[in-house]
file query_24.cif (mmCIF, C-alpha atoms)
data_data
#
loop_
_atom_site.group_PDB
_atom_site.id
_atom_site.type_symbol
_atom_site.label_atom_id
_atom_site.label_comp_id
_atom_site.auth_asym_id
_atom_site.auth_seq_id
_atom_site.Cartn_x
_atom_site.Cartn_y
_atom_site.Cartn_z
ATOM 1 C CA MET A 1 14.692 1.455 30.250
ATOM 2 C CA ALA A 2 16.879 4.196 28.814
ATOM 3 C CA ASP A 3 17.507 4.108 25.080
ATOM 4 C CA GLN A 4 20.877 2.863 23.958
ATOM 5 C CA GLU A 5 23.067 5.832 23.059
ATOM 6 C CA PHE A 6 24.310 6.085 19.497
ATOM 7 C CA GLU A 7 25.819 8.658 17.205
ATOM 8 C CA SER A 8 23.346 10.483 14.978
ATOM 9 C CA VAL A 9 23.883 10.171 11.218
ATOM 10 C CA ILE A 10 21.468 13.004 10.409
ATOM 11 C CA THR A 11 23.408 15.948 8.979
ATOM 12 C CA ASP A 12 22.358 19.547 8.352
ATOM 13 C CA GLU A 13 22.469 18.741 4.648
ATOM 14 C CA MET A 14 19.955 15.935 5.174
ATOM 15 C CA ARG A 15 17.688 18.168 7.282
ATOM 16 C CA ALA A 16 17.769 20.783 4.541
ATOM 17 C CA MET A 17 16.120 18.277 2.176
ATOM 18 C CA ILE A 18 12.952 18.100 4.279
ATOM 19 C CA GLY A 19 10.049 19.596 2.332
ATOM 20 C CA VAL A 20 11.982 19.955 -0.932
ATOM 21 C CA LYS A 21 10.100 18.274 -3.772
ATOM 22 C CA GLY A 22 12.024 15.981 -6.108
ATOM 23 C CA GLU A 23 11.603 15.597 -9.851
ATOM 24 C CA GLU A 24 8.145 14.829 -11.191
ATOM 25 C CA THR A 25 7.145 11.329 -12.247
ATOM 26 C CA VAL A 26 4.382 10.719 -14.779
ATOM 27 C CA SER A 27 2.293 7.571 -14.337
ATOM 28 C CA GLU A 28 -0.393 6.124 -16.572
ATOM 29 C CA LEU A 29 -3.515 4.117 -15.861
ATOM 30 C CA THR A 30 -4.890 2.013 -18.706
ATOM 31 C CA THR A 31 -7.691 -0.564 -18.778
ATOM 32 C CA THR A 32 -5.028 -3.270 -19.022
ATOM 33 C CA SER A 33 -2.961 -1.892 -16.123
ATOM 34 C CA VAL A 34 -6.038 -1.562 -13.880
ATOM 35 C CA ARG A 35 -7.085 -5.152 -14.686
ATOM 36 C CA MET A 36 -3.560 -6.417 -14.012
ATOM 37 C CA PHE A 37 -3.348 -4.658 -10.648
ATOM 38 C CA ALA A 38 -6.846 -5.816 -9.593
ATOM 39 C CA ARG A 39 -6.062 -9.379 -10.711
ATOM 40 C CA SER A 40 -2.803 -9.422 -8.762
ATOM 41 C CA VAL A 41 -4.555 -8.401 -5.517
ATOM 42 C CA GLY A 42 -7.293 -10.958 -6.142
ATOM 43 C CA TYR A 43 -10.297 -8.667 -6.641
ATOM 44 C CA VAL A 44 -13.428 -10.355 -8.008
ATOM 45 C CA ASP A 45 -15.507 -7.150 -8.305
ATOM 46 C CA PRO A 46 -16.431 -6.860 -12.027
ATOM 47 C CA ALA A 47 -16.113 -3.046 -11.859
ATOM 48 C CA PHE A 48 -12.321 -3.508 -12.217
ATOM 49 C CA TYR A 49 -12.612 -5.697 -15.309
ATOM 50 C CA ASP A 50 -15.765 -4.764 -17.259
ATOM 51 C CA GLU A 51 -16.097 -1.164 -18.451
ATOM 52 C CA ALA A 52 -19.890 -1.401 -18.794
ATOM 53 C CA VAL A 53 -20.194 -2.421 -15.130
ATOM 54 C CA ALA A 54 -17.792 0.361 -14.111
ATOM 55 C CA ARG A 55 -19.862 2.975 -15.989
ATOM 56 C CA ASP A 56 -23.107 1.641 -14.461
ATOM 57 C CA ARG A 57 -21.497 2.190 -11.066
ATOM 58 C CA GLY A 58 -20.729 5.827 -11.942
ATOM 59 C CA PHE A 59 -17.066 5.555 -12.919
ATOM 60 C CA ARG A 60 -15.637 7.169 -16.075
ATOM 61 C CA SER A 61 -13.839 3.900 -16.895
ATOM 62 C CA LEU A 62 -12.329 1.050 -14.859
ATOM 63 C CA PRO A 63 -11.588 2.538 -11.398
ATOM 64 C CA ALA A 64 -8.153 2.219 -9.779
ATOM 65 C CA PRO A 65 -8.248 -0.214 -6.848
ATOM 66 C CA PRO A 66 -7.039 1.280 -3.544
ATOM 67 C CA GLY A 67 -3.240 1.350 -3.629
ATOM 68 C CA TYR A 68 -2.981 1.760 -7.406
ATOM 69 C CA LEU A 69 -1.776 5.204 -8.428
ATOM 70 C CA GLY A 70 -0.704 4.325 -11.965
ATOM 71 C CA THR A 71 2.414 2.830 -13.473
ATOM 72 C CA PRO A 72 5.378 5.160 -14.032
ATOM 73 C CA ILE A 73 5.996 5.487 -17.779
ATOM 74 C CA TYR A 74 8.924 3.196 -18.436
ATOM 75 C CA ASN A 75 11.882 4.196 -20.536
ATOM 76 C CA PRO A 76 15.176 2.309 -20.225
ATOM 77 C CA ALA A 77 17.029 5.596 -20.721
ATOM 78 C CA ASP A 78 16.096 6.846 -17.260
ATOM 79 C CA SER A 79 13.893 4.270 -15.483
ATOM 80 C CA ASP A 80 15.030 1.958 -12.713
ATOM 81 C CA PRO A 81 15.049 -1.600 -14.133
ATOM 82 C CA THR A 82 13.901 -3.138 -10.834
ATOM 83 C CA PHE A 83 11.388 -0.655 -9.468
ATOM 84 C CA GLY A 84 10.264 1.063 -12.688
ATOM 85 C CA GLY A 85 10.355 4.637 -11.364
ATOM 86 C CA ARG A 86 12.911 7.231 -12.321
ATOM 87 C CA ARG A 87 16.427 5.962 -11.684
ATOM 88 C CA GLY A 88 17.987 7.569 -8.625
ATOM 89 C CA SER A 89 14.871 9.629 -7.903
ATOM 90 C CA GLY A 90 13.875 10.699 -4.435
ATOM 91 C CA GLY A 91 17.004 12.741 -3.788
ATOM 92 C CA PHE A 92 17.538 11.514 -0.260
ATOM 93 C CA ARG A 93 19.981 8.673 0.304
ATOM 94 C CA SER A 94 20.436 7.065 3.675
ATOM 95 C CA PRO A 95 24.019 6.439 4.826
ATOM 96 C CA TYR A 96 22.889 2.942 5.919
ATOM 97 C CA PRO A 97 22.972 0.062 3.409
ATOM 98 C CA LEU A 98 19.950 -2.027 4.477
ATOM 99 C CA VAL A 99 16.406 -0.838 3.920
ATOM 100 C CA LEU A 100 12.987 -2.009 5.062
ATOM 101 C CA ASN A 101 9.590 -0.741 3.995
ATOM 102 C CA GLY A 102 8.085 0.549 7.246
ATOM 103 C CA GLY A 103 4.601 1.429 6.149
ATOM 104 C CA THR A 104 2.224 2.981 3.630
ATOM 105 C CA ASP A 105 -0.510 5.559 4.094
ATOM 106 C CA ILE A 106 -2.628 6.688 1.140
ATOM 107 C CA GLU A 107 -5.313 9.315 1.510
ATOM 108 C CA TYR A 108 -7.698 9.997 -1.359
ATOM 109 C CA THR A 109 -9.297 13.360 -2.021
ATOM 110 C CA GLY A 110 -12.418 11.785 -3.527
ATOM 111 C CA GLU A 111 -11.613 12.642 -7.154
ATOM 112 C CA GLN A 112 -12.101 9.533 -9.271
ATOM 113 C CA ILE A 113 -8.946 7.775 -10.452
ATOM 114 C CA CYS A 114 -9.700 5.700 -13.554
ATOM 115 C CA ALA A 115 -8.178 4.028 -16.597
ATOM 116 C CA GLY A 116 -7.291 6.762 -19.087
ATOM 117 C CA ASP A 117 -5.915 9.061 -16.382
ATOM 118 C CA THR A 118 -2.360 10.345 -16.257
ATOM 119 C CA LEU A 119 -1.046 11.200 -12.801
ATOM 120 C CA THR A 120 1.918 13.449 -12.109
ATOM 121 C CA SER A 121 3.609 12.954 -8.760
ATOM 122 C CA ALA A 122 6.372 14.611 -6.812
ATOM 123 C CA THR A 123 7.931 13.337 -3.601
ATOM 124 C CA ALA A 124 9.369 15.318 -0.728
ATOM 125 C CA LEU A 125 11.116 14.089 2.396
ATOM 126 C CA ALA A 126 8.673 14.825 5.245
ATOM 127 C CA SER A 127 10.640 13.815 8.326
ATOM 128 C CA LEU A 128 13.791 12.099 9.597
ATOM 129 C CA ASN A 129 14.057 10.343 12.923
ATOM 130 C CA GLU A 130 16.417 7.888 14.578
ATOM 131 C CA ARG A 131 15.737 5.076 16.978
ATOM 132 C CA TRP A 132 17.662 2.226 18.510
ATOM 133 C CA SER A 133 16.446 -1.208 17.426
ATOM 134 C CA GLY A 134 16.661 -3.495 20.429
ATOM 135 C CA ALA A 135 15.782 -6.471 18.231
ATOM 136 C CA LEU A 136 18.605 -5.915 15.736
ATOM 137 C CA GLY A 137 21.021 -4.182 18.104
ATOM 138 C CA VAL A 138 21.612 -1.343 15.634
ATOM 139 C CA PRO A 139 20.476 2.266 15.213
ATOM 140 C CA MET A 140 17.748 2.860 12.627
ATOM 141 C CA LEU A 141 17.026 5.896 10.485
ATOM 142 C CA ILE A 142 13.320 6.400 9.861
ATOM 143 C CA GLN A 143 12.415 8.572 6.915
ATOM 144 C CA VAL A 144 8.889 9.545 5.905
ATOM 145 C CA SER A 145 8.346 10.690 2.326
ATOM 146 C CA GLU A 146 5.213 12.373 1.091
ATOM 147 C CA THR A 147 4.065 12.126 -2.518
ATOM 148 C CA THR A 148 1.290 14.213 -4.030
ATOM 149 C CA TYR A 149 -0.548 12.860 -7.093
ATOM 150 C CA THR A 150 -2.229 15.283 -9.495
ATOM 151 C CA ASN A 151 -4.366 14.217 -12.470
ATOM 152 C CA GLN A 152 -4.402 15.481 -16.047
ATOM 153 C CA ASN A 153 -6.916 18.196 -15.077
ATOM 154 C CA GLY A 154 -4.697 19.581 -12.325
ATOM 155 C CA ALA A 155 -6.755 18.085 -9.465
ATOM 156 C CA VAL A 156 -4.933 16.481 -6.536
ATOM 157 C CA VAL A 157 -6.275 12.915 -6.315
ATOM 158 C CA ALA A 158 -4.178 11.376 -3.539
ATOM 159 C CA ILE A 159 -1.399 11.945 -1.064
ATOM 160 C CA SER A 160 0.729 8.997 -0.038
ATOM 161 C CA ARG A 161 3.194 8.746 2.814
ATOM 162 C CA GLY A 162 5.801 6.042 2.808
ATOM 163 C CA THR A 163 8.029 5.125 5.740
ATOM 164 C CA GLY A 164 11.491 3.809 4.970
ATOM 165 C CA ILE A 165 13.676 2.267 7.671
ATOM 166 C CA SER A 166 17.399 1.970 7.012
ATOM 167 C CA TYR A 167 20.076 0.489 9.238
ATOM 168 C CA PRO A 168 23.646 -0.800 9.229
ATOM 169 C CA ARG A 169 24.347 -4.495 8.769
ATOM 170 C CA PRO A 170 24.229 -5.983 12.295
ATOM 171 C CA GLY A 171 27.735 -6.906 13.402
ATOM 172 C CA ASP A 172 29.451 -4.370 11.116
ATOM 173 C CA MET B 1 -19.136 -15.628 -8.064
ATOM 174 C CA SER B 2 -21.983 -14.779 -5.720
ATOM 175 C CA ASP B 3 -20.064 -12.418 -3.435
ATOM 176 C CA ALA B 4 -18.192 -10.527 -6.155
ATOM 177 C CA VAL B 5 -20.060 -7.389 -5.099
ATOM 178 C CA PRO B 6 -21.116 -7.489 -1.437
ATOM 179 C CA ASP B 7 -24.513 -6.090 -0.436
ATOM 180 C CA GLN B 8 -24.463 -2.367 0.315
ATOM 181 C CA ILE B 9 -24.129 -1.453 3.973
ATOM 182 C CA TYR B 10 -25.424 1.927 5.193
ATOM 183 C CA PHE B 11 -24.049 4.444 7.665
ATOM 184 C CA GLU B 12 -27.047 3.960 9.978
ATOM 185 C CA ASP B 13 -26.349 0.215 10.193
ATOM 186 C CA ILE B 14 -22.852 0.653 11.646
ATOM 187 C CA GLU B 15 -21.924 0.995 15.312
ATOM 188 C CA VAL B 16 -18.554 1.676 16.916
ATOM 189 C CA GLY B 17 -17.063 -1.665 17.905
ATOM 190 C CA ASP B 18 -18.632 -3.579 14.993
ATOM 191 C CA SER B 19 -16.379 -6.043 13.219
ATOM 192 C CA ILE B 20 -16.489 -5.941 9.438
ATOM 193 C CA PRO B 21 -16.497 -9.050 7.201
ATOM 194 C CA GLU B 22 -13.047 -10.654 7.050
ATOM 195 C CA LEU B 23 -11.121 -11.243 3.853
ATOM 196 C CA GLU B 24 -8.899 -14.271 3.519
ATOM 197 C CA LYS B 25 -5.817 -14.450 1.295
ATOM 198 C CA SER B 26 -3.249 -17.174 0.734
ATOM 199 C CA PRO B 27 -0.384 -15.477 -1.072
ATOM 200 C CA THR B 28 1.519 -17.811 -3.401
ATOM 201 C CA SER B 29 4.694 -17.224 -5.415
ATOM 202 C CA GLN B 30 2.374 -16.920 -8.460
ATOM 203 C CA GLN B 31 0.484 -14.075 -6.817
ATOM 204 C CA LEU B 32 3.746 -12.278 -5.982
ATOM 205 C CA VAL B 33 4.802 -12.521 -9.632
ATOM 206 C CA GLN B 34 1.403 -11.166 -10.692
ATOM 207 C CA TRP B 35 1.832 -8.333 -8.177
ATOM 208 C CA ALA B 36 5.316 -7.580 -9.518
ATOM 209 C CA ALA B 37 3.763 -7.095 -12.952
ATOM 210 C CA GLY B 38 0.730 -5.206 -11.624
ATOM 211 C CA SER B 39 2.691 -2.840 -9.405
ATOM 212 C CA GLY B 40 5.934 -2.595 -11.389
ATOM 213 C CA ASP B 41 8.043 -3.688 -8.375
ATOM 214 C CA PHE B 42 10.354 -6.445 -9.613
ATOM 215 C CA TYR B 43 12.613 -6.650 -6.534
ATOM 216 C CA GLN B 44 13.957 -10.221 -6.536
ATOM 217 C CA ILE B 45 13.426 -10.903 -2.807
ATOM 218 C CA HIS B 46 9.755 -11.433 -3.691
ATOM 219 C CA TYR B 47 10.144 -14.266 -6.215
ATOM 220 C CA ASP B 48 13.724 -15.617 -6.190
ATOM 221 C CA THR B 49 14.473 -17.809 -3.154
ATOM 222 C CA SER B 50 18.270 -17.781 -3.495
ATOM 223 C CA TYR B 51 18.314 -14.014 -3.995
ATOM 224 C CA ALA B 52 16.139 -13.573 -0.892
ATOM 225 C CA GLN B 53 18.414 -15.869 1.143
ATOM 226 C CA ASP B 54 21.505 -13.963 -0.003
ATOM 227 C CA THR B 55 20.046 -10.848 1.633
ATOM 228 C CA GLY B 56 19.547 -12.695 4.924
ATOM 229 C CA LEU B 57 15.879 -13.598 4.549
ATOM 230 C CA GLU B 58 14.674 -17.156 5.154
ATOM 231 C CA ASP B 59 12.733 -17.195 1.902
ATOM 232 C CA ILE B 60 10.750 -14.989 -0.463
ATOM 233 C CA ILE B 61 8.423 -12.527 1.300
ATOM 234 C CA VAL B 62 5.125 -10.849 0.447
ATOM 235 C CA HIS B 63 5.519 -7.243 -0.771
ATOM 236 C CA GLY B 64 4.537 -4.690 1.888
ATOM 237 C CA ALA B 65 2.507 -2.778 -0.680
ATOM 238 C CA LEU B 66 0.564 -5.947 -1.537
ATOM 239 C CA LYS B 67 -0.455 -6.259 2.122
ATOM 240 C CA HIS B 68 -1.540 -2.592 1.976
ATOM 241 C CA ALA B 69 -3.561 -3.426 -1.154
ATOM 242 C CA PHE B 70 -5.170 -6.417 0.634
ATOM 243 C CA LEU B 71 -6.330 -3.998 3.356
ATOM 244 C CA GLY B 72 -7.582 -1.733 0.551
ATOM 245 C CA GLU B 73 -9.671 -4.620 -0.796
ATOM 246 C CA LEU B 74 -11.039 -5.329 2.708
ATOM 247 C CA LEU B 75 -12.201 -1.689 2.900
ATOM 248 C CA TRP B 76 -13.454 -1.624 -0.713
ATOM 249 C CA ARG B 77 -15.675 -4.627 0.031
ATOM 250 C CA PHE B 78 -16.904 -3.081 3.286
ATOM 251 C CA ALA B 79 -17.695 0.280 1.599
ATOM 252 C CA GLY B 80 -19.750 -1.529 -1.046
ATOM 253 C CA PRO B 81 -20.701 -0.335 -4.551
ATOM 254 C CA GLU B 82 -22.032 3.033 -3.326
ATOM 255 C CA GLY B 83 -19.310 3.679 -0.754
ATOM 256 C CA GLN B 84 -15.812 5.090 -1.136
ATOM 257 C CA VAL B 85 -12.409 4.223 0.311
ATOM 258 C CA LYS B 86 -10.938 7.452 1.676
ATOM 259 C CA ARG B 87 -7.751 6.310 3.386
ATOM 260 C CA VAL B 88 -5.705 3.135 3.874
ATOM 261 C CA GLN B 89 -2.758 3.186 6.280
ATOM 262 C CA CYS B 90 -0.634 0.367 7.637
ATOM 263 C CA SER B 91 2.740 -0.445 9.180
ATOM 264 C CA TYR B 92 4.852 -3.421 8.173
ATOM 265 C CA ARG B 93 5.854 -4.932 11.494
ATOM 266 C CA GLY B 94 7.044 -8.265 10.171
ATOM 267 C CA MET B 95 7.776 -10.292 7.088
ATOM 268 C CA ASP B 96 5.168 -12.637 5.673
ATOM 269 C CA PRO B 97 6.145 -15.706 3.661
ATOM 270 C CA ALA B 98 4.417 -16.896 0.483
ATOM 271 C CA ALA B 99 3.455 -20.481 -0.377
ATOM 272 C CA GLN B 100 5.642 -22.208 -2.967
ATOM 273 C CA GLY B 101 5.824 -25.561 -4.742
ATOM 274 C CA ARG B 102 3.540 -28.211 -3.278
ATOM 275 C CA GLU B 103 3.182 -26.292 -0.047
ATOM 276 C CA SER B 104 -0.426 -25.769 0.920
ATOM 277 C CA ALA B 105 -1.447 -22.152 0.479
ATOM 278 C CA GLN B 106 -3.580 -22.589 3.616
ATOM 279 C CA GLU B 107 -0.399 -22.763 5.705
ATOM 280 C CA LYS B 108 0.412 -19.238 4.519
ATOM 281 C CA LYS B 109 -3.103 -17.969 5.116
ATOM 282 C CA PHE B 110 -3.234 -14.215 5.634
ATOM 283 C CA THR B 111 -6.467 -12.832 7.061
ATOM 284 C CA LEU B 112 -7.560 -9.209 6.832
ATOM 285 C CA ARG B 113 -9.782 -7.976 9.644
ATOM 286 C CA GLY B 114 -11.251 -4.677 10.745
ATOM 287 C CA SER B 115 -13.506 -3.030 13.297
ATOM 288 C CA VAL B 116 -15.227 0.341 13.506
ATOM 289 C CA THR B 117 -13.562 2.864 15.844
ATOM 290 C CA ARG B 118 -15.505 6.048 15.035
ATOM 291 C CA LYS B 119 -18.346 7.329 12.842
ATOM 292 C CA TYR B 120 -19.214 10.924 12.059
ATOM 293 C CA THR B 121 -20.833 13.140 9.466
ATOM 294 C CA GLU B 122 -19.167 16.149 7.838
ATOM 295 C CA GLY B 123 -21.328 18.146 5.490
ATOM 296 C CA GLU B 124 -23.272 15.478 3.622
ATOM 297 C CA ARG B 125 -20.602 12.818 3.871
ATOM 298 C CA ASN B 126 -20.690 9.968 6.352
ATOM 299 C CA PHE B 127 -17.257 8.869 7.515
ATOM 300 C CA VAL B 128 -16.416 5.591 9.220
ATOM 301 C CA GLU B 129 -12.969 5.105 10.760
ATOM 302 C CA LEU B 130 -11.653 1.616 11.298
ATOM 303 C CA SER B 131 -8.827 -0.252 12.902
ATOM 304 C CA VAL B 132 -7.567 -2.901 10.458
ATOM 305 C CA GLU B 133 -4.932 -5.621 10.520
ATOM 306 C CA GLY B 134 -3.298 -8.352 8.487
ATOM 307 C CA VAL B 135 -3.039 -11.553 10.529
ATOM 308 C CA ARG B 136 -0.793 -14.574 9.880
ATOM 309 C CA ALA B 137 -1.923 -18.221 10.051
ATOM 310 C CA ASP B 138 -0.522 -18.461 13.620
ATOM 311 C CA GLY B 139 -2.687 -15.532 14.755
ATOM 312 C CA SER B 140 0.110 -12.950 15.026
ATOM 313 C CA VAL B 141 -0.470 -9.498 13.516
ATOM 314 C CA SER B 142 2.182 -8.450 10.994
ATOM 315 C CA THR B 143 0.360 -5.502 9.455
ATOM 316 C CA PRO B 144 -1.622 -3.214 11.789
ATOM 317 C CA GLY B 145 -3.286 -0.157 10.344
ATOM 318 C CA THR B 146 -6.265 2.144 10.058
ATOM 319 C CA GLY B 147 -8.772 2.996 7.363
ATOM 320 C CA VAL B 148 -11.452 5.518 6.549
ATOM 321 C CA VAL B 149 -14.439 4.902 4.263
ATOM 322 C CA ILE B 150 -17.425 7.007 3.238
ATOM 323 C CA LEU B 151 -20.765 5.190 3.407
ATOM 324 C CA PRO B 152 -24.124 6.104 1.884
ATOM 325 C CA SER B 153 -27.057 6.960 4.123
ATOM 326 C CA ARG B 154 -30.459 5.269 4.094
ATOM 327 C CA GLY B 155 -31.962 8.739 4.355
#

call {"tool": "encode", "arguments": {"input": "query_24.cif", "output": "C-alpha cells"}}
result
Amino acid sequence: MADQEFESVITDEMRAMIGVKGEETVSELTTTSVRMFARSVGYVDPAFYDEAVARDRGFRSLPAPPGYLGTPIYNPADSDPTFGGRRGSGGFRSPYPLVLNGGTDIEYTGEQICAGDTLTSATALASLNERWSGALGVPMLIQVSETTYTNQNGAVVAISRGTGISYPRPGD
Amino acid sequence: MSDAVPDQIYFEDIEVGDSIPELEKSPTSQQLVQWAAGSGDFYQIHYDTSYAQDTGLEDIIVHGALKHAFLGELLWRFAGPEGQVKRVQCSYRGMDPAAQGRESAQEKKFTLRGSVTRKYTEGERNFVELSVEGVRADGSVSTPGTGVVILPSRG
C-alpha cells in the first residue's frame, strides 16, 4: 500500500541543526541517588545499596544501575521544574504539539559509573524523519537525539540515543 | 533474599537460542512515584489520573525509561556479578498502565524476557547479544528491544 501523502514540516533550518551539540548539562551521582534509582526499579542486588559489597565486587563505590546516568544538578534559576534538566535545552523544537517517547538506546564504553562521579553531557540532533501514522491518521516527525556522557576524568562513559515522536492533534 | 545476586553464568554455558531467566514486575502508582524521584522525571501523566486523562490517556502510564530500566535489570541479573551490561536498547510501542488503589498488581504484571541471538569474542572480551522484550499481562509485547552483555569465561 502506498504511503499517504503529506506535506513535510522539515525545514532547511531544522536540517542544519543535525550534528550540532547543545549546551552541556552536568549531572551528579551520589550514594543516595544511586540507592533511590535502584530502589525505584526494584533491584535487590546489595551492590547498589551497600558500599562494602560494591567494593568487594570491584566497584569504586555504589555502581549506577543500567539506565542511570546521574541526576542533572537542579537550580530553579535555569532547571525545568518537571523534567529537572536545563530549561528549554535541546535546541530543536518540533512544530507538532504532541510528543511520545519512541525509544531509548544506551551503550556503555565499559568505564565504571559510580556514586561520586560527575558526568557532563551534550546532546545533538542525530536525524529527522517523517512517516504517516495509519493508526492515528496523522503525519509523525521522528527525531533521534544522541547524548554523549563524559566523566570527571574526561573519559566517555556512555552514549545514549533517544527517539522522540511528535505529531499534530488528530482531527486538527 | 536468596536470589538477590544470581549465580554467575559463563560464556561457555550460553548457546544462541537460549532463553534467559525472566524478570517479573508489577508496576504500581507507588513505584511510578519512586521512579519520578529516582529519575527526576516528574511529568504528571505518570502519577495524576485526571492530568493523564486531560491529555487523552485512559489513565496514568508507566514511564518509557522505567521499562528501559527494567530491561537493564533483566540484563544485569543475566550478566551476574562478574559480567557487564554493555548496551540496552528498546522501542516504546505501546502504553502500559500501572496498578492503583485496591487493584491487584498482578493484573498489571509486566514480564521481561530475553533470548540469545549471537555470541562472539573480541580481544579478551566475550560478548553476548540478546533479543529482549517487555510483555503485558495479556501476552502482548509493548517494549521490544536488544541488549549486549559481556560474560566471564570459565577459562

call {"tool": "residues_around", "arguments": {"input": "query_24.cif", "residues": "B:Ile61", "least_positions_apart": "4", "cutoff": "10 Å", "atoms": "only C-alpha atoms", "output": "list in words"}}
result
Pro27, Thr28, Ser29, Leu32, Gln44, Ile45, His46, Tyr47, Asp48, Thr49, Ala52, Leu57, Gly94, Met95, Asp96, Pro97, Ala98 and Ala99 of chain B

call {"tool": "write_last_selection", "arguments": {"input": "query_24.cif", "atoms": "C-alpha atoms", "output": "mmCIF file, keeping the file's coordinate frame"}}
result
data_model
loop_
_atom_site.group_PDB
_atom_site.id
_atom_site.type_symbol
_atom_site.label_atom_id
_atom_site.label_comp_id
_atom_site.auth_asym_id
_atom_site.auth_seq_id
_atom_site.Cartn_x
_atom_site.Cartn_y
_atom_site.Cartn_z
ATOM 1 C CA PRO B 27 -0.384 -15.477 -1.072
ATOM 2 C CA THR B 28 1.519 -17.811 -3.401
ATOM 3 C CA SER B 29 4.694 -17.224 -5.415
ATOM 4 C CA LEU B 32 3.746 -12.278 -5.982
ATOM 5 C CA GLN B 44 13.957 -10.221 -6.536
ATOM 6 C CA ILE B 45 13.426 -10.903 -2.807
ATOM 7 C CA HIS B 46 9.755 -11.433 -3.691
ATOM 8 C CA TYR B 47 10.144 -14.266 -6.215
ATOM 9 C CA ASP B 48 13.724 -15.617 -6.190
ATOM 10 C CA THR B 49 14.473 -17.809 -3.154
ATOM 11 C CA ALA B 52 16.139 -13.573 -0.892
ATOM 12 C CA LEU B 57 15.879 -13.598 4.549
ATOM 13 C CA GLY B 94 7.044 -8.265 10.171
ATOM 14 C CA MET B 95 7.776 -10.292 7.088
ATOM 15 C CA ASP B 96 5.168 -12.637 5.673
ATOM 16 C CA PRO B 97 6.145 -15.706 3.661
ATOM 17 C CA ALA B 98 4.417 -16.896 0.483
ATOM 18 C CA ALA B 99 3.455 -20.481 -0.377
#

call {"tool": "atom_distance", "arguments": {"input": "query_24.cif", "atom1": "atom CA of A:Lys21", "atom2": "atom CA of A:Met140"}}
result
23.8 Å

call {"tool": "interface_residues", "arguments": {"input": "query_24.cif", "of": "chain B", "to": "chain A", "cutoff": "8 Å", "atoms": "all atoms listed in the file", "output": "PyMOL selection string"}}
result
chain B and resi 1+4-5+31-32+34-35+37-43+64-66+68-70+72-73+76+81-82+84-93

call {"tool": "resolve_selection", "arguments": {"input": "query_24.cif", "expression": "the PyMOL selection byres ((chain A and resi 7) around 12)", "output": "ChimeraX atom specification"}}
result
/A:4-6,8-11,130-132,138-141

call {"tool": "resolve_selection", "arguments": {"input": "query_24.cif", "expression": "the PyMOL selection byres ((chain B and resi 8-18) around 7)", "output": "PDB file with C-alpha atoms, in the frame of the given file"}}
result
ATOM      1  CA  PRO B   6     -21.116  -7.489  -1.437  1.00  0.00           C
ATOM      2  CA  ASP B   7     -24.513  -6.090  -0.436  1.00  0.00           C
ATOM      3  CA  SER B  19     -16.379  -6.043  13.219  1.00  0.00           C
ATOM      4  CA  ILE B  20     -16.489  -5.941   9.438  1.00  0.00           C
ATOM      5  CA  GLY B  80     -19.750  -1.529  -1.046  1.00  0.00           C
ATOM      6  CA  PRO B  81     -20.701  -0.335  -4.551  1.00  0.00           C
ATOM      7  CA  GLU B  82     -22.032   3.033  -3.326  1.00  0.00           C
ATOM      8  CA  SER B 115     -13.506  -3.030  13.297  1.00  0.00           C
ATOM      9  CA  VAL B 116     -15.227   0.341  13.506  1.00  0.00           C
ATOM     10  CA  THR B 117     -13.562   2.864  15.844  1.00  0.00           C
ATOM     11  CA  ARG B 118     -15.505   6.048  15.035  1.00  0.00           C
ATOM     12  CA  LYS B 119     -18.346   7.329  12.842  1.00  0.00           C
ATOM     13  CA  ASN B 126     -20.690   9.968   6.352  1.00  0.00           C
ATOM     14  CA  LEU B 151     -20.765   5.190   3.407  1.00  0.00           C
ATOM     15  CA  PRO B 152     -24.124   6.104   1.884  1.00  0.00           C
ATOM     16  CA  SER B 153     -27.057   6.960   4.123  1.00  0.00           C
ATOM     17  CA  ARG B 154     -30.459   5.269   4.094  1.00  0.00           C
TER      18      ARG B 154
END

call {"tool": "atom_distance", "arguments": {"input": "query_24.cif", "atom1": "atom CA of B:Val135", "atom2": "atom CA of B:Leu112"}}
result
6.3 Å

call {"tool": "resolve_selection", "arguments": {"input": "query_24.cif", "expression": "the PyMOL selection byres ((chain B and resi 21) around 9)", "output": "short mmCIF file (atom, residue, chain, number, x, y, z; two decimals) with C-alpha atoms, in the frame of the given file"}}
result
data_model
loop_
_atom_site.label_atom_id
_atom_site.label_comp_id
_atom_site.auth_asym_id
_atom_site.auth_seq_id
_atom_site.Cartn_x
_atom_site.Cartn_y
_atom_site.Cartn_z
CA SER B 19 -16.38 -6.04 13.22
CA ILE B 20 -16.49 -5.94 9.44
CA GLU B 22 -13.05 -10.65 7.05
CA LEU B 23 -11.12 -11.24 3.85
CA LEU B 74 -11.04 -5.33 2.71
CA ARG B 77 -15.68 -4.63 0.03
CA PHE B 78 -16.90 -3.08 3.29
CA LEU B 112 -7.56 -9.21 6.83
CA ARG B 113 -9.78 -7.98 9.64
CA GLY B 114 -11.25 -4.68 10.74
#

call {"tool": "atom_distance", "arguments": {"input": "query_24.cif", "atom1": "atom CA of A:Asp12", "atom2": "atom CA of A:Tyr167"}}
result
19.2 Å

call {"tool": "closest_residue", "arguments": {"input": "query_24.cif", "among": "B:Phe110, B:Phe127, B:Tyr51, B:Tyr120", "to": "B:Ser142", "atoms": "only C-alpha atoms"}}
result
B:Phe110

call {"tool": "closest_residue", "arguments": {"input": "query_24.cif", "among": "B:Gln53, B:Gln30, B:Thr121, B:Thr146", "to": "B:Leu75", "atoms": "only C-alpha atoms"}}
result
B:Thr146

call {"tool": "closest_residue", "arguments": {"input": "query_24.cif", "among": "A:Ile18, A:Ile165, A:Leu125, A:Val53", "to": "A:Val99", "atoms": "only C-alpha atoms"}}
result
A:Ile165
